[in-house]
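S.K.: Sharing a structure below in structure tokens format, with a few things to ask.
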Amino acid sequence: MPLIGCHDCDAVVEEPDVPSGGSAICLRCGGTLFRRQRATVEITLALTTAAAILFVVANAYPFLSFEMQGQVTRTTLASGTVALWEGGRLAVAVLVFLTTILAPALQISLLLYVLAPVHFHHPAPFAVEAFRWVERCRPWSMMEVFLIGILVAVVKLSDMADIVPGLALWAFGLLIPILAGGTAFLDAEIVWREIGDLD
Amino acid sequence: MRATRPPVTDLEGPHAQCHVCNLVVAVPRGPIHGLSCPRCRTGIHRRKPNSLSRTWALLIAAAICYVPANIYPVMEVTTLGARQADTILSGVIYLAVNGTWPLAVIVFVASVVVPVLKIVALVFLATSVQLASQWRPRDRARLYRVVETVGRWSMVDIYVVTILVALVHLGSLASVEARVGAFYFGAVVVLTMLAAESFDPRLIWDQQVEDGHPAVRDVRQEAADTQAAAGGDDGG
């Protein structure tokens, strides 16, 4: 049995046999050692493919429309970044771009890049680096927080104007649980064993 | 037997864990330098390098930014020529009065409670490690995990400003502009996230001398015991 370590407290144990869908909890600190998901590559690949399609739709179509006294403003997902940039708030614009567009885009595309070749047993070049970036992007991908932001903004504007949700908003709303599912079913250990330099 | 057991974590031990891919790697005893993970090629460290000083630096920066983040307005709303500046707190009050209660509570928790609690909790964790505290390591580990997961939700207010700025730009009829408070508030969120990432929760355990909880069956300990039982063979 290979050794595994607890990421939270550094306890080292022999890898316990965990049924698919289960997780191993560290006895010392209570942290999750790993979640075992046997078909992880296939499930995550399927969900991430769906997420990729929805992400394209969410970026390509109008997000929200704002109607006030006959004047209409249409926005897309990127409009916020653009408006902040034009208003001179460069750092905030970059932060919003990073957390709502770039990090999710990288997370989705790199996951596809790593997992699809693993599924077809043809490891992709630089898969190790790509998968490292998937993990690195995860905390900075904040689409679900953005969704709550939309809700608050719509409530704030509702007595002032008409807000019409666009196709992209629905895609966005669907994308979040699907990508969250893809992440939850991702058993990183299995993927590392497939793509890593060790045999 | 129990009283004589060494600290639960062996900082000089024969294994180190890769920070990135979690592989347990056999390493020479003592301090390690210049090793990289055989599986993912990242540098191997026993602990995150300079964890405490980085955490402190980021926390101090976050605490400094927290003041202008709350004093300065995050946005300015113009309706029919009348201008009104909104701070984080006045935005919450507006929601509580004119909007819906559940939403006001969410925003209050996300943008007022979470940043403060995050800074306080990380200061507490870093201090406890610095003082080699033995106090409830399991609960401190849990606190760290909560801080790590909850921090991102503070971004809600930045996004509200972003969406309002994007939607409302009809000149003097109605327009919203972001103000400098948004910059500082964003800085607080990013700095506290980085501070949480820099803190190494394993430091909590390094100072524990066998606590009340059952320690994980530690293979390193077991190997040492076997070796002792075999007659103290000194072979590597």
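Simple scheme: letters A, B, ... for chains in structure tokens order, numbers from 1 for residues in each chain, numbers from 1 for ligands in the order shown.
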For segment 131-145 of chain A, list every protein, DNA or RNA residue within 6 Å, evaluated using only C-alpha atoms, and leave out those in the same chain fewer than 6 positions away; present the list as a ChimeraX atom specification.

M.R.: /A:99-100,103-104,107 /B:153,156

S.K.: Find the nearest atom pair between each residue of chain B and chain A for residues within 8 Å, count only C-alpha atoms, give distances in Å to one decimal, sort rows by chain and ascending number, and present the table as JSON lines.

M.R.:
```
{"residue": "B:Thr9", "atom": "CA", "partner": "A:Ala11", "partner_atom": "CA", "distance": 7.1}
{"residue": "B:Gln17", "atom": "CA", "partner": "A:Gly5", "partner_atom": "CA", "distance": 6.4}
{"residue": "B:His19", "atom": "CA", "partner": "A:His7", "partner_atom": "CA", "distance": 7.6}
{"residue": "B:Val20", "atom": "CA", "partner": "A:Arg132", "partner_atom": "CA", "distance": 7.0}
{"residue": "B:Cys21", "atom": "CA", "partner": "A:Trp192", "partner_atom": "CA", "distance": 6.8}
{"residue": "B:Asn22", "atom": "CA", "partner": "A:Gly5", "partner_atom": "CA", "distance": 6.8}
{"residue": "B:Leu23", "atom": "CA", "partner": "A:Ile4", "partner_atom": "CA", "distance": 6.7}
{"residue": "B:Val24", "atom": "CA", "partner": "A:Ile4", "partner_atom": "CA", "distance": 5.8}
{"residue": "B:Pro38", "atom": "CA", "partner": "A:Asp197", "partner_atom": "CA", "distance": 6.4}
{"residue": "B:Arg39", "atom": "CA", "partner": "A:Gly196", "partner_atom": "CA", "distance": 4.7}
{"residue": "B:Cys40", "atom": "CA", "partner": "A:Gly196", "partner_atom": "CA", "distance": 5.8}
{"residue": "B:Leu95", "atom": "CA", "partner": "A:Lys156", "partner_atom": "CA", "distance": 7.1}
{"residue": "B:Gly99", "atom": "CA", "partner": "A:Val155", "partner_atom": "CA", "distance": 6.3}
{"residue": "B:Thr100", "atom": "CA", "partner": "A:Val155", "partner_atom": "CA", "distance": 7.9}
{"residue": "B:Leu103", "atom": "CA", "partner": "A:Val152", "partner_atom": "CA", "distance": 6.8}
{"residue": "B:Pro137", "atom": "CA", "partner": "A:Cys29", "partner_atom": "CA", "distance": 7.5}
{"residue": "B:Arg138", "atom": "CA", "partner": "A:Cys29", "partner_atom": "CA", "distance": 5.0}
{"residue": "B:Ala141", "atom": "CA", "partner": "A:Cys29", "partner_atom": "CA", "distance": 6.4}
{"residue": "B:Arg142", "atom": "CA", "partner": "A:Gly30", "partner_atom": "CA", "distance": 7.6}
{"residue": "B:Arg152", "atom": "CA", "partner": "A:Met142", "partner_atom": "CA", "distance": 7.2}
{"residue": "B:Trp153", "atom": "CA", "partner": "A:Val145", "partner_atom": "CA", "distance": 5.9}
{"residue": "B:Met155", "atom": "CA", "partner": "A:Val145", "partner_atom": "CA", "distance": 6.8}
{"residue": "B:Val156", "atom": "CA", "partner": "A:Gly149", "partner_atom": "CA", "distance": 5.0}
{"residue": "B:Asp157", "atom": "CA", "partner": "A:Gly149", "partner_atom": "CA", "distance": 6.7}
{"residue": "B:Ile158", "atom": "CA", "partner": "A:Val96", "partner_atom": "CA", "distance": 7.9}
{"residue": "B:Tyr159", "atom": "CA", "partner": "A:Gly149", "partner_atom": "CA", "distance": 5.2}
{"residue": "B:Val160", "atom": "CA", "partner": "A:Gly149", "partner_atom": "CA", "distance": 4.8}
{"residue": "B:Val161", "atom": "CA", "partner": "A:Ala153", "partner_atom": "CA", "distance": 7.8}
{"residue": "B:Thr162", "atom": "CA", "partner": "A:Gly80", "partner_atom": "CA", "distance": 5.0}
{"residue": "B:Ile163", "atom": "CA", "partner": "A:Gly80", "partner_atom": "CA", "distance": 5.6}
{"residue": "B:Leu164", "atom": "CA", "partner": "A:Ala153", "partner_atom": "CA", "distance": 6.3}
{"residue": "B:Val165", "atom": "CA", "partner": "A:Ala83", "partner_atom": "CA", "distance": 6.4}
{"residue": "B:Ala166", "atom": "CA", "partner": "A:Gly80", "partner_atom": "CA", "distance": 4.7}
{"residue": "B:Leu167", "atom": "CA", "partner": "A:Phe66", "partner_atom": "CA", "distance": 6.1}
{"residue": "B:Val168", "atom": "CA", "partner": "A:Phe66", "partner_atom": "CA", "distance": 7.4}
{"residue": "B:His169", "atom": "CA", "partner": "A:Thr73", "partner_atom": "CA", "distance": 7.9}
{"residue": "B:Leu170", "atom": "CA", "partner": "A:Gln71", "partner_atom": "CA", "distance": 7.9}
{"residue": "B:Glu177", "atom": "CA", "partner": "A:Gly87", "partner_atom": "CA", "distance": 7.1}
{"residue": "B:Ala178", "atom": "CA", "partner": "A:Leu84", "partner_atom": "CA", "distance": 7.1}
{"residue": "B:Arg179", "atom": "CA", "partner": "A:Arg89", "partner_atom": "CA", "distance": 7.9}
{"residue": "B:Val180", "atom": "CA", "partner": "A:Arg89", "partner_atom": "CA", "distance": 7.9}
{"residue": "B:Ala182", "atom": "CA", "partner": "A:Val92", "partner_atom": "CA", "distance": 7.2}
{"residue": "B:Phe183", "atom": "CA", "partner": "A:Val92", "partner_atom": "CA", "distance": 5.8}
{"residue": "B:Gly186", "atom": "CA", "partner": "A:Val92", "partner_atom": "CA", "distance": 6.8}
{"residue": "B:Asp200", "atom": "CA", "partner": "A:Asp8", "partner_atom": "CA", "distance": 7.9}
{"residue": "B:Pro201", "atom": "CA", "partner": "A:Asp8", "partner_atom": "CA", "distance": 5.5}
{"residue": "B:Arg202", "atom": "CA", "partner": "A:Cys9", "partner_atom": "CA", "distance": 4.3}
{"residue": "B:Leu203", "atom": "CA", "partner": "A:Cys9", "partner_atom": "CA", "distance": 7.7}
{"residue": "B:Ile204", "atom": "CA", "partner": "A:Cys9", "partner_atom": "CA", "distance": 7.6}
{"residue": "B:Trp205", "atom": "CA", "partner": "A:Cys9", "partner_atom": "CA", "distance": 6.0}
{"residue": "B:His213", "atom": "CA", "partner": "A:Arg28", "partner_atom": "CA", "distance": 6.6}
{"residue": "B:Pro214", "atom": "CA", "partner": "A:Arg28", "partner_atom": "CA", "distance": 6.4}
{"residue": "B:Ala215", "atom": "CA", "partner": "A:Arg28", "partner_atom": "CA", "distance": 5.1}
{"residue": "B:Val216", "atom": "CA", "partner": "A:Leu27", "partner_atom": "CA", "distance": 5.4}
{"residue": "B:Arg217", "atom": "CA", "partner": "A:Val13", "partner_atom": "CA", "distance": 6.3}
{"residue": "B:Asp218", "atom": "CA", "partner": "A:Val12", "partner_atom": "CA", "distance": 5.6}
{"residue": "B:Val219", "atom": "CA", "partner": "A:Val13", "partner_atom": "CA", "distance": 5.8}
{"residue": "B:Arg220", "atom": "CA", "partner": "A:Val12", "partner_atom": "CA", "distance": 7.3}
```

S.K.: Once you have the residues from the selection above, write them out as a JSON list (two decimals), in the first residue's frame, restricted to C-alpha atoms.

M.R.:
```json
[["chain", "number", "residue", "atom", "x", "y", "z"],
["B", 9, "THR", "CA", 5.00, 15.44, 13.92],
["B", 17, "GLN", "CA", 4.77, 15.62, 1.37],
["B", 19, "HIS", "CA", 2.47, 20.66, -1.48],
["B", 20, "VAL", "CA", 1.01, 20.38, -4.93],
["B", 21, "CYS", "CA", 0.24, 16.74, -5.74],
["B", 22, "ASN", "CA", 0.28, 15.36, -2.15],
["B", 23, "LEU", "CA", 2.77, 12.61, -2.97],
["B", 24, "VAL", "CA", 4.66, 11.34, 0.08],
["B", 38, "PRO", "CA", 9.39, 13.02, -8.66],
["B", 39, "ARG", "CA", 5.74, 13.03, -9.75],
["B", 40, "CYS", "CA", 4.89, 16.67, -10.45],
["B", 95, "LEU", "CA", -30.61, 46.76, 1.21],
["B", 99, "GLY", "CA", -34.52, 45.55, -0.44],
["B", 100, "THR", "CA", -35.11, 42.18, 1.02],
["B", 103, "LEU", "CA", -30.17, 39.53, 0.86],
["B", 137, "PRO", "CA", -5.22, 21.83, 17.80],
["B", 138, "ARG", "CA", -8.13, 20.01, 16.17],
["B", 141, "ALA", "CA", -7.29, 23.13, 12.26],
["B", 142, "ARG", "CA", -11.03, 23.32, 11.67],
["B", 152, "ARG", "CA", -13.95, 34.22, -1.30],
["B", 153, "TRP", "CA", -17.52, 35.29, -0.50],
["B", 155, "MET", "CA", -16.00, 39.47, -3.25],
["B", 156, "VAL", "CA", -19.80, 39.88, -3.50],
["B", 157, "ASP", "CA", -19.63, 43.63, -2.98],
["B", 158, "ILE", "CA", -16.98, 44.12, -5.65],
["B", 159, "TYR", "CA", -19.22, 42.25, -8.08],
["B", 160, "VAL", "CA", -22.30, 44.29, -7.15],
["B", 161, "VAL", "CA", -20.36, 47.47, -7.94],
["B", 162, "THR", "CA", -19.08, 45.92, -11.18],
["B", 163, "ILE", "CA", -22.55, 44.96, -12.37],
["B", 164, "LEU", "CA", -24.08, 48.33, -11.44],
["B", 165, "VAL", "CA", -21.28, 50.18, -13.22],
["B", 166, "ALA", "CA", -21.79, 48.05, -16.33],
["B", 167, "LEU", "CA", -25.58, 48.36, -16.38],
["B", 168, "VAL", "CA", -26.20, 51.94, -15.36],
["B", 169, "HIS", "CA", -24.53, 54.51, -17.55],
["B", 170, "LEU", "CA", -27.21, 56.79, -18.93],
["B", 177, "GLU", "CA", -19.25, 54.92, -10.96],
["B", 178, "ALA", "CA", -16.79, 52.89, -8.92],
["B", 179, "ARG", "CA", -14.91, 54.81, -6.25],
["B", 180, "VAL", "CA", -11.60, 54.26, -4.51],
["B", 182, "ALA", "CA", -13.72, 49.43, -4.09],
["B", 183, "PHE", "CA", -9.98, 49.25, -4.72],
["B", 186, "GLY", "CA", -10.73, 44.31, -3.26],
["B", 200, "ASP", "CA", 0.72, 26.35, 6.86],
["B", 201, "PRO", "CA", -1.82, 24.51, 9.06],
["B", 202, "ARG", "CA", 0.76, 21.82, 9.75],
["B", 203, "LEU", "CA", 2.59, 24.32, 11.97],
["B", 204, "ILE", "CA", -0.29, 23.89, 14.44],
["B", 205, "TRP", "CA", 0.64, 20.22, 14.81],
["B", 213, "HIS", "CA", -7.00, 12.69, 20.42],
["B", 214, "PRO", "CA", -5.84, 9.44, 18.93],
["B", 215, "ALA", "CA", -2.91, 10.15, 16.67],
["B", 216, "VAL", "CA", -3.08, 8.65, 13.22],
["B", 217, "ARG", "CA", -1.23, 5.36, 12.98],
["B", 218, "ASP", "CA", 1.99, 6.96, 11.94],
["B", 219, "VAL", "CA", 4.05, 4.74, 9.69],
["B", 220, "ARG", "CA", 7.21, 6.63, 10.52]]
```

S.K.: Check the DSSP output for the backbone and give back, as a ChimeraX atom specification, the residues of segment 1-98 of chain B in strand (DSSP E).

M.R.: /B:15-17,24-26,75-79,82-86

S.K.: Any chance you could export the current selection's N, CA and C atoms as an mmCIF file, in the first residue's frame?

M.R.:
```
data_model
loop_
_atom_site.group_PDB
_atom_site.id
_atom_site.type_symbol
_atom_site.label_atom_id
_atom_site.label_comp_id
_atom_site.auth_asym_id
_atom_site.auth_seq_id
_atom_site.Cartn_x
_atom_site.Cartn_y
_atom_site.Cartn_z
ATOM 1 N N HIS B 15 10.072 11.304 5.671
ATOM 2 C CA HIS B 15 9.115 11.602 4.609
ATOM 3 C C HIS B 15 8.779 13.077 4.552
ATOM 4 N N ALA B 16 8.542 13.568 3.341
ATOM 5 C CA ALA B 16 7.991 14.905 3.175
ATOM 6 C C ALA B 16 6.883 14.793 2.150
ATOM 7 N N GLN B 17 5.906 15.716 2.254
ATOM 8 C CA GLN B 17 4.766 15.621 1.370
ATOM 9 C C GLN B 17 4.794 16.759 0.364
ATOM 10 N N VAL B 24 3.730 11.477 -1.036
ATOM 11 C CA VAL B 24 4.656 11.342 0.079
ATOM 12 C C VAL B 24 5.993 10.860 -0.468
ATOM 13 N N VAL B 25 7.020 11.661 -0.248
ATOM 14 C CA VAL B 25 8.317 11.404 -0.846
ATOM 15 C C VAL B 25 9.314 11.034 0.257
ATOM 16 N N ALA B 26 10.107 10.003 -0.010
ATOM 17 C CA ALA B 26 11.166 9.653 0.936
ATOM 18 C C ALA B 26 12.293 10.667 0.803
ATOM 19 N N MET B 75 -18.862 53.248 -4.345
ATOM 20 C CA MET B 75 -19.437 53.697 -5.614
ATOM 21 C C MET B 75 -20.222 54.980 -5.421
ATOM 22 N N GLU B 76 -20.500 55.633 -6.561
ATOM 23 C CA GLU B 76 -21.265 56.860 -6.527
ATOM 24 C C GLU B 76 -22.411 56.726 -7.525
ATOM 25 N N VAL B 77 -23.613 56.941 -7.022
ATOM 26 C CA VAL B 77 -24.796 56.786 -7.864
ATOM 27 C C VAL B 77 -25.339 58.163 -8.221
ATOM 28 N N THR B 78 -25.568 58.374 -9.513
ATOM 29 C CA THR B 78 -26.192 59.621 -9.948
ATOM 30 C C THR B 78 -27.572 59.309 -10.507
ATOM 31 N N THR B 79 -28.619 59.911 -9.910
ATOM 32 C CA THR B 79 -29.952 59.752 -10.483
ATOM 33 C C THR B 79 -30.566 61.138 -10.652
ATOM 34 N N ALA B 82 -28.788 64.095 -9.122
ATOM 35 C CA ALA B 82 -28.423 64.028 -7.703
ATOM 36 C C ALA B 82 -27.393 62.937 -7.488
ATOM 37 N N ARG B 83 -26.301 63.271 -6.789
ATOM 38 C CA ARG B 83 -25.238 62.297 -6.553
ATOM 39 C C ARG B 83 -25.318 61.736 -5.146
ATOM 40 N N GLN B 84 -25.047 60.455 -5.048
ATOM 41 C CA GLN B 84 -25.029 59.848 -3.723
ATOM 42 C C GLN B 84 -23.911 58.821 -3.651
ATOM 43 N N ALA B 85 -23.037 58.990 -2.640
ATOM 44 C CA ALA B 85 -21.916 58.064 -2.487
ATOM 45 C C ALA B 85 -22.308 56.951 -1.510
ATOM 46 N N ASP B 86 -21.898 55.732 -1.848
ATOM 47 C CA ASP B 86 -22.233 54.577 -1.001
ATOM 48 C C ASP B 86 -20.972 53.921 -0.469
#
```

S.K.: For a quick check of understanding, using only C-alpha atoms, which of A:Leu47, A:Leu110, A:Val56, A:Ala39 has the smallest distance to Ser20 of chain A?

M.R.: A:Ala39

S.K.: Go through B:Thr87, B:Ser133, B:Gly151, B:Pro115 and flag the residue nearest Pro68 of chain B, using only C-alpha atoms for the distances.

M.R.: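 Using only C-alpha atoms, the shortest distance to Pro68 of chain B belongs to B:Thr87.
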
S.K.: Using only C-alpha atoms, which residues sit within 9 Å of Ile190 of chain A once same-chain residues fewer than 5 positions away are excluded, as a list in words?

M.R.: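 With the cut-off at 9 Å, the set is Arg36, Gln37, Arg38, Thr40, Val41 and Ile195 of chain A.
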
S.K.: Go through segment 108-201 of chain B and collect every residue that DSSP, computed from the backbone, puts in helix (DSSP H, G or I); the answer should be as a ChimeraX atom specification.

M.R.: /B:108-130,137-167,180-198

S.K.: Residues near Leu89 of chain B, anyone? I mean within 12 Å using only C-alpha atoms, not counting same-chain ones fewer than 6 positions away, as a PyMOL selection string.

M.R.: chain B and resi 69-75+95-96+104-105+107-113+157+181+185

S.K.: Put those residues in a file: C-alpha atoms, as a CSV table (one decimal), in the first residue's frame.

M.R.:
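And here's again.csv as it stands now:
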```
chain,number,residue,atom,x,y,z
B,69,ALA,CA,-12.1,50.2,2.4
B,70,ASN,CA,-14.8,51.1,4.9
B,71,ILE,CA,-14.3,54.8,5.2
B,72,TYR,CA,-14.2,55.7,1.5
B,73,PRO,CA,-17.3,55.1,-0.8
B,74,VAL,CA,-17.1,52.1,-3.1
B,75,MET,CA,-19.4,53.7,-5.6
B,95,LEU,CA,-30.6,46.8,1.2
B,96,ALA,CA,-32.0,46.2,4.7
B,104,ALA,CA,-29.1,42.2,3.3
B,105,VAL,CA,-28.0,39.5,5.8
B,107,VAL,CA,-24.3,40.9,2.0
B,108,PHE,CA,-23.7,42.0,5.7
B,109,VAL,CA,-22.1,38.6,6.5
B,110,ALA,CA,-20.1,38.5,3.3
B,111,SER,CA,-18.7,42.0,3.3
B,112,VAL,CA,-18.6,43.1,7.0
B,113,VAL,CA,-18.4,39.9,9.1
B,157,ASP,CA,-19.6,43.6,-3.0
B,181,GLY,CA,-13.1,52.3,-1.6
B,185,PHE,CA,-12.0,46.5,-0.4
```

S.K.: Could you please determine the separation between atom CA of Gly30 of chain B and atom CA of Glu12 of chain B in Å, to one decimal place?

M.R.: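 Between these atoms lies a distance of 4.5 Å.
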
S.K.: Excluding same-chain residues fewer than 3 positions from Thr48 of chain A, what lies within 7 Å of it counting only C-alpha atoms, as a PDB file with N, CA and C atoms, in the first residue's frame?

M.R.:
```
ATOM      1  N   THR A  44     -15.780  13.685 -14.498  1.00  0.00           N
ATOM      2  CA  THR A  44     -15.326  15.068 -14.532  1.00  0.00           C
ATOM      3  C   THR A  44     -15.180  15.568 -15.965  1.00  0.00           C
ATOM      4  N   LEU A  45     -14.721  14.679 -16.848  1.00  0.00           N
ATOM      5  CA  LEU A  45     -14.585  15.064 -18.256  1.00  0.00           C
ATOM      6  C   LEU A  45     -15.949  15.438 -18.841  1.00  0.00           C
ATOM      7  N   ALA A  51     -19.650  22.195 -19.029  1.00  0.00           N
ATOM      8  CA  ALA A  51     -19.310  23.504 -18.471  1.00  0.00           C
ATOM      9  C   ALA A  51     -18.654  24.389 -19.521  1.00  0.00           C
ATOM     10  N   ALA A  52     -17.802  23.783 -20.369  1.00  0.00           N
ATOM     11  CA  ALA A  52     -17.106  24.562 -21.396  1.00  0.00           C
ATOM     12  C   ALA A  52     -18.100  25.168 -22.383  1.00  0.00           C
ATOM     13  N   ILE A 108     -11.430  25.413 -16.702  1.00  0.00           N
ATOM     14  CA  ILE A 108     -12.200  24.534 -17.580  1.00  0.00           C
ATOM     15  C   ILE A 108     -11.330  23.986 -18.712  1.00  0.00           C
ATOM     16  N   LEU A 112      -9.968  20.048 -19.357  1.00  0.00           N
ATOM     17  CA  LEU A 112     -10.242  19.290 -20.581  1.00  0.00           C
ATOM     18  C   LEU A 112      -8.940  18.810 -21.204  1.00  0.00           C
ATOM     19  N   LEU A 179     -20.049  22.898 -12.934  1.00  0.00           N
ATOM     20  CA  LEU A 179     -18.604  22.971 -12.702  1.00  0.00           C
ATOM     21  C   LEU A 179     -18.274  22.558 -11.263  1.00  0.00           C
ATOM     22  N   GLY A 182     -18.249  18.896 -11.296  1.00  0.00           N
ATOM     23  CA  GLY A 182     -17.025  18.418 -11.911  1.00  0.00           C
ATOM     24  C   GLY A 182     -15.860  18.470 -10.940  1.00  0.00           C
TER      25      GLY A 182
END
```

S.K.: Can you work out which one of A:Ile25, A:Ala130, A:Ala60, A:Ile53 has the shortest atom-to-atom distance to Leu175 of chain A, counting only C-alpha atoms?

M.R.: A:Ile53

S.K.: Mind pulling up the distance from atom CA of Ala196 of chain B to atom CA of Glu148 of chain B?

M.R.: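 Interatomic distance here is 6.0 Å.
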
S.K.: Could you work out how far atom CA of Glu86 of chain A lies from atom CA of Ile64 of chain B, giving the answer in Å with one decimal?

M.R.: 27.4 Å
